[in-house]
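A.B. asks: Here's a structure for you.
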Amino acid sequence: NKHVSVHVPDGFQVKGTSTMIRADGSAVVRWVKTDQDKEKLAAMMDAAIEAFCDELPRAAAQPILGEPHYDENLLALYPVFDLHIGAMAHKHECGENYSTDISEKVLKNFFDYSVGVSPKAKKAVLLIGGDFLHSDGLDAVTPASGHVLDQDSRYAKLVHVAIRSVRRAVALMLDKHEEVEIQIIEGNHDQAGMIWLRAAMAAYFEDEVRVTVDTSPMILHRTKWGKTLLGYTHGHTMKKADTRLAAMATDFREEFGTSKYIYTHSGHWHHQTITEGTLGIDEVHGQLGAKDAYAARGGWRSYRQAAVIVYSKEFGEV
């Protein structure tokens with residue numbers, strides 16, 4: 001029926017109709033019930049995927065200029081926890097201003113400084129440790145609890161800032177280190193966001209042999225460096241140091257067994273703690289982002305900090 005079909009949006013199909021009729025049999029009003037057309041949806045998704053992949057630029061392989069003199073024994077870890085791109089704060093309420101633009105500048109300043117002072121380690125790890133983005137979609141709420149957030153901008157802008165910031169950080173790291181490993185971990189604010197960020201980075205650096213992206217969807221990631229094993233998780237699910245270290249021993253049993261020095265890294269709590277246990281050393285990192293109104297009103301205070309950490313194949317953290 002052409003009068004019905006015009007009211008069916010693309011990607012849907014007619015599920016049924018209801019009609020109110022008068023005593024003489026004439027129609028007063030008709031309700032059109034629709035449902036998603038699975039075949040049309042699949043075709044639309046395939047088209048979107050194809051268009052996204054075709055148009056996505058890839059990084060060209062970067063040559064190493066001059067005679068490289070890397071320290072073959074060293075790994076430099078660049079941890080980024082709780083930047084909260086997209087969060088909004090006003091200094092009169094929260095103590096300092098914060099916005100999407102400020103968060104991008106904060107990350108830029110961190111990498112400008114940290115790459116400059118880092119030793120010329122052979123390998124570097126960029127660790128995006130969760131809550132990189134303040135929200136996880138078009139609605140400015142946390143994905144699990146629906147907690148309403150102070151959001152600075154549209155989600156589309158957050159996507160562009162996130163990708164641009166990571167690309168810039170990696171470019172700086174490639175100027176200093178022979179190889180770069182990208183580790184991107186979900187947080188409680190950006191569970192879905194870190195999935196697309198991992199995929200975007202894997203596609204962008206597909207042809208760059210000096211860059212590897214860990215695309216595992218696991219909540220716990222790791223890097224093996226000689227006798228040193230590093231583990232990463234955000235901390236909203238594995239909340240205790242002993243839990244994180246024990247999960248490393250179980251999930252990566254063979255690598256754990258051949259490592260002398262074990263370190264786990266997490267964030268989430270927005271303040272720094274370092275705990276040494278039987279299985280290794282657990283570090284909770286402070287946040288890079290500023291506190292929002294929720295934190296300011298709740299009395300949570302902490303330093304904003306991040307630091308490049310240097311590890312040896314033979315001696316752990318040096």
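How things are named: the first chain in the structure tokens is A, the next is B, and so on; residues count from 1 in each chain; ligands count from 1 in the order shown.
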Near Lys176 of chain A, within 8 Å and counting only C-alpha atoms, which residues show up once chain neighbours fewer than 5 positions away are dropped, as a list of chain:residue names?
C.D. replies: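 These residues fall inside the cut-off: A:Val115, A:Lys120, A:Ala121.
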A.B. asks: Those residues you just picked out, can you put them in a file as a PDB file, in the first residue's frame with N, CA, C and O atoms?
C.D. replies:
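Dumped everything to part34.pdb:
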ATOM      1  N   VAL A 115      58.504  13.051  26.095  1.00  0.00           N
ATOM      2  CA  VAL A 115      59.321  12.484  25.025  1.00  0.00           C
ATOM      3  C   VAL A 115      60.697  13.155  25.022  1.00  0.00           C
ATOM      4  O   VAL A 115      61.726  12.509  24.780  1.00  0.00           O
ATOM      5  N   LYS A 120      66.599   7.413  25.038  1.00  0.00           N
ATOM      6  CA  LYS A 120      66.351   6.906  23.685  1.00  0.00           C
ATOM      7  C   LYS A 120      66.171   5.391  23.744  1.00  0.00           C
ATOM      8  O   LYS A 120      66.985   4.618  23.232  1.00  0.00           O
ATOM      9  N   ALA A 121      65.116   4.975  24.401  1.00  0.00           N
ATOM     10  CA  ALA A 121      64.822   3.557  24.559  1.00  0.00           C
ATOM     11  C   ALA A 121      64.432   2.948  23.220  1.00  0.00           C
ATOM     12  O   ALA A 121      63.774   3.596  22.399  1.00  0.00           O
TER      13      ALA A 121
END
A.B. asks: Any idea what's packed within 10 Å of segment 129-141 of chain A, counting only C-alpha atoms, ignoring anything in its chain fewer than 3 positions away? Could you give it as a ChimeraX atom specification?
C.D. replies: /A:79-88,100,103,126,144-156,158-159,161-162,183-194,232-236,265-268,285,287-289
A.B. asks: If you run DSSP on this backbone, which residues of segment 79-130 of chain A come out as alpha helix (DSSP H), and could you give them as a list of chain:residue names?
C.D. replies: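 Taking segment 79-130 of chain A and keeping alpha helix (DSSP H) gives A:Lys91, A:His92, A:Glu93, A:Cys94, A:Thr100, A:Asp101, A:Ile102, A:Ser103, A:Glu104, A:Lys105, A:Val106, A:Leu107, A:Lys108, A:Asn109, A:Phe110, A:Phe111, A:Asp112, A:Tyr113, A:Ser114, A:Val115, A:Gly116, A:Val117.
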A.B. asks: Write out as an MDAnalysis selection string each polymer residue whose atoms come within 10 Å of Asp71 of chain A, counting only C-alpha atoms; drop sequence neighbours fewer than 4 positions from it.
C.D. replies: chainID A and resid 75 119:123 177:178 312
A.B. asks: Mind checking DSSP for segment 95-149 of chain A and telling me the strand (DSSP E or B) residues as a VMD selection string?
C.D. replies: chain A and resid 98 121 to 128 133 141 148
A.B. asks: Can I get the selection written as a JSON list (two decimals), in the first residue's frame, with all heavy atoms?
C.D. replies:
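Once written, out_5.json looks like this:
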[["chain", "number", "residue", "atom", "x", "y", "z"],
["A", 98, "TYR", "N", 38.21, 23.54, 32.68],
["A", 98, "TYR", "CA", 38.54, 22.35, 31.89],
["A", 98, "TYR", "C", 37.54, 22.23, 30.76],
["A", 98, "TYR", "O", 36.35, 22.52, 30.95],
["A", 98, "TYR", "CB", 38.52, 21.09, 32.75],
["A", 98, "TYR", "CG", 39.28, 19.92, 32.15],
["A", 98, "TYR", "CD1", 40.65, 20.00, 31.95],
["A", 98, "TYR", "CD2", 38.63, 18.75, 31.78],
["A", 98, "TYR", "CE1", 41.37, 18.93, 31.42],
["A", 98, "TYR", "CE2", 39.32, 17.68, 31.24],
["A", 98, "TYR", "CZ", 40.70, 17.78, 31.07],
["A", 98, "TYR", "OH", 41.41, 16.72, 30.52],
["A", 121, "ALA", "N", 65.12, 4.98, 24.40],
["A", 121, "ALA", "CA", 64.82, 3.56, 24.56],
["A", 121, "ALA", "C", 64.43, 2.95, 23.22],
["A", 121, "ALA", "O", 63.77, 3.60, 22.40],
["A", 121, "ALA", "CB", 63.70, 3.36, 25.57],
["A", 122, "LYS", "N", 64.81, 1.71, 23.03],
["A", 122, "LYS", "CA", 64.47, 1.02, 21.78],
["A", 122, "LYS", "C", 62.97, 0.96, 21.58],
["A", 122, "LYS", "O", 62.45, 1.21, 20.49],
["A", 122, "LYS", "CB", 65.06, -0.39, 21.78],
["A", 122, "LYS", "CG", 64.65, -1.24, 20.57],
["A", 122, "LYS", "CD", 65.23, -2.64, 20.67],
["A", 122, "LYS", "CE", 64.74, -3.55, 19.54],
["A", 122, "LYS", "NZ", 65.22, -3.09, 18.21],
["A", 123, "LYS", "N", 62.23, 0.64, 22.65],
["A", 123, "LYS", "CA", 60.79, 0.46, 22.54],
["A", 123, "LYS", "C", 60.06, 1.45, 23.45],
["A", 123, "LYS", "O", 60.54, 1.79, 24.53],
["A", 123, "LYS", "CB", 60.39, -0.97, 22.90],
["A", 123, "LYS", "CG", 58.89, -1.25, 22.77],
["A", 123, "LYS", "CD", 58.58, -2.72, 22.90],
["A", 123, "LYS", "CE", 57.10, -2.99, 22.70],
["A", 123, "LYS", "NZ", 56.77, -4.44, 22.70],
["A", 124, "ALA", "N", 58.89, 1.89, 22.98],
["A", 124, "ALA", "CA", 58.02, 2.74, 23.79],
["A", 124, "ALA", "C", 56.62, 2.16, 23.75],
["A", 124, "ALA", "O", 56.19, 1.59, 22.75],
["A", 124, "ALA", "CB", 58.02, 4.17, 23.27],
["A", 125, "VAL", "N", 55.91, 2.30, 24.85],
["A", 125, "VAL", "CA", 54.51, 1.87, 24.93],
["A", 125, "VAL", "C", 53.65, 3.08, 25.25],
["A", 125, "VAL", "O", 53.87, 3.78, 26.25],
["A", 125, "VAL", "CB", 54.31, 0.80, 26.01],
["A", 125, "VAL", "CG1", 52.82, 0.45, 26.14],
["A", 125, "VAL", "CG2", 55.12, -0.45, 25.70],
["A", 126, "LEU", "N", 52.70, 3.36, 24.37],
["A", 126, "LEU", "CA", 51.69, 4.38, 24.64],
["A", 126, "LEU", "C", 50.51, 3.69, 25.30],
["A", 126, "LEU", "O", 49.84, 2.85, 24.68],
["A", 126, "LEU", "CB", 51.24, 5.07, 23.35],
["A", 126, "LEU", "CG", 50.02, 5.99, 23.46],
["A", 126, "LEU", "CD1", 50.27, 7.12, 24.46],
["A", 126, "LEU", "CD2", 49.64, 6.56, 22.10],
["A", 127, "LEU", "N", 50.26, 4.01, 26.56],
["A", 127, "LEU", "CA", 49.17, 3.37, 27.31],
["A", 127, "LEU", "C", 48.04, 4.37, 27.51],
["A", 127, "LEU", "O", 48.15, 5.31, 28.29],
["A", 127, "LEU", "CB", 49.70, 2.89, 28.67],
["A", 127, "LEU", "CG", 48.64, 2.38, 29.66],
["A", 127, "LEU", "CD1", 47.81, 1.24, 29.07],
["A", 127, "LEU", "CD2", 49.29, 1.97, 30.98],
["A", 128, "ILE", "N", 46.95, 4.17, 26.77],
["A", 128, "ILE", "CA", 45.71, 4.92, 26.99],
["A", 128, "ILE", "C", 44.89, 4.05, 27.95],
["A", 128, "ILE", "O", 44.27, 3.07, 27.55],
["A", 128, "ILE", "CB", 44.94, 5.16, 25.68],
["A", 128, "ILE", "CG1", 45.84, 5.85, 24.64],
["A", 128, "ILE", "CG2", 43.68, 5.98, 25.94],
["A", 128, "ILE", "CD1", 46.30, 7.24, 25.03],
["A", 133, "LEU", "N", 38.01, 9.36, 27.23],
["A", 133, "LEU", "CA", 36.85, 10.18, 26.89],
["A", 133, "LEU", "C", 35.94, 10.29, 28.11],
["A", 133, "LEU", "O", 35.84, 9.34, 28.92],
["A", 133, "LEU", "CB", 36.07, 9.59, 25.73],
["A", 133, "LEU", "CG", 36.84, 9.41, 24.41],
["A", 133, "LEU", "CD1", 35.95, 8.73, 23.38],
["A", 133, "LEU", "CD2", 37.34, 10.74, 23.90],
["A", 141, "VAL", "N", 26.27, 10.65, 29.56],
["A", 141, "VAL", "CA", 26.09, 9.86, 30.78],
["A", 141, "VAL", "C", 27.13, 8.75, 30.80],
["A", 141, "VAL", "O", 27.67, 8.38, 29.76],
["A", 141, "VAL", "CB", 24.67, 9.24, 30.86],
["A", 141, "VAL", "CG1", 23.60, 10.32, 30.94],
["A", 141, "VAL", "CG2", 24.42, 8.31, 29.68],
["A", 148, "VAL", "N", 24.71, 11.37, 35.08],
["A", 148, "VAL", "CA", 24.73, 12.54, 34.19],
["A", 148, "VAL", "C", 26.05, 13.29, 34.34],
["A", 148, "VAL", "O", 26.51, 13.55, 35.45],
["A", 148, "VAL", "CB", 23.54, 13.47, 34.48],
["A", 148, "VAL", "CG1", 23.60, 14.71, 33.59],
["A", 148, "VAL", "CG2", 22.22, 12.74, 34.27]]
A.B. asks: Determine, counting only C-alpha atoms, which protein, DNA and RNA residues have an atom within 8 Å of an atom of Arg222 of chain A; residues of the same chain fewer than 4 positions away are not included. Present the result as a PyMOL selection string.
C.D. replies: chain A and resi 229-232
A.B. asks: Where does segment 213-276 of chain A meet segment 294-305 of chain A within 12 Å, residue by residue, with the nearest atom pair and distance in Å to one decimal for each, counting only C-alpha atoms, listed by chain and rising number, as CSV?
C.D. replies:
residue,atom,partner,partner_atom,distance
A:Gly267,CA,A:Gln305,CA,11.5
A:Trp269,CA,A:Trp300,CA,9.7
A:His270,CA,A:Ser302,CA,6.8
A:His271,CA,A:Ser302,CA,5.6
A:Gln272,CA,A:Ser302,CA,8.3
A:Thr273,CA,A:Ser302,CA,11.4
A.B. asks: Suppose we keep C-alpha atoms; can you now write the selection as a CSV table (one decimal), in the first residue's frame?
C.D. replies:
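Now in out-v6.csv:
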chain,number,residue,atom,x,y,z
A,267,GLY,CA,43.9,4.4,37.1
A,269,TRP,CA,40.7,6.4,41.4
A,270,HIS,CA,42.3,9.7,40.3
A,271,HIS,CA,45.1,9.5,42.8
A,272,GLN,CA,48.4,7.7,43.0
A,273,THR,CA,49.2,4.6,45.1
A.B. asks: From the options A:Asn97, A:Ser165, A:Thr142, A:Ser18, which residue's atoms come nearest to Asn109 of chain A, counting only C-alpha atoms?
C.D. replies: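 Of A:Asn97, A:Ser165, A:Thr142, A:Ser18, the one nearest Asn109 of chain A, counting only C-alpha atoms, is A:Ser165.
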A.B. asks: Just checking: using only C-alpha atoms, which residue out of A:Ala246, A:Asn73, A:Lys224, A:Glu179 ends up closest to Thr212 of chain A?
C.D. replies: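 Selected residue with least distance to Thr212 of chain A: A:Glu179.
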A.B. asks: Excluding same-chain residues fewer than 6 positions from Ile309 of chain A, what lies within 8 Å of it counting only C-alpha atoms, as a count of residues only?
C.D. replies: 4
A.B. asks: By how many Å are atom CA of Ser216 of chain A and atom CA of His160 of chain A apart?
C.D. replies: 22.5 Å
A.B. asks: Distance atom CA of Met248 of chain A-atom CA of Met201 of chain A, one decimal place?
C.D. replies: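 Straight-line distance from atom CA of Met248 of chain A to atom CA of Met201 of chain A works out to 25.1 Å.
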A.B. asks: Kindly indicate which residue among A:Asp214, A:Lys108, A:Glu206, A:Ala200 lies nearest to Ile182 of chain A, using only C-alpha atoms for the distances.
C.D. replies: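 Between A:Asp214, A:Lys108, A:Glu206, A:Ala200, the residue approaching Ile182 of chain A most closely is A:Asp214.
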A.B. asks: Please indicate the distance in Å from atom CA of Thr237 of chain A to atom CA of Pro217 of chain A, rounded to one decimal place.
C.D. replies: 14.3 Å
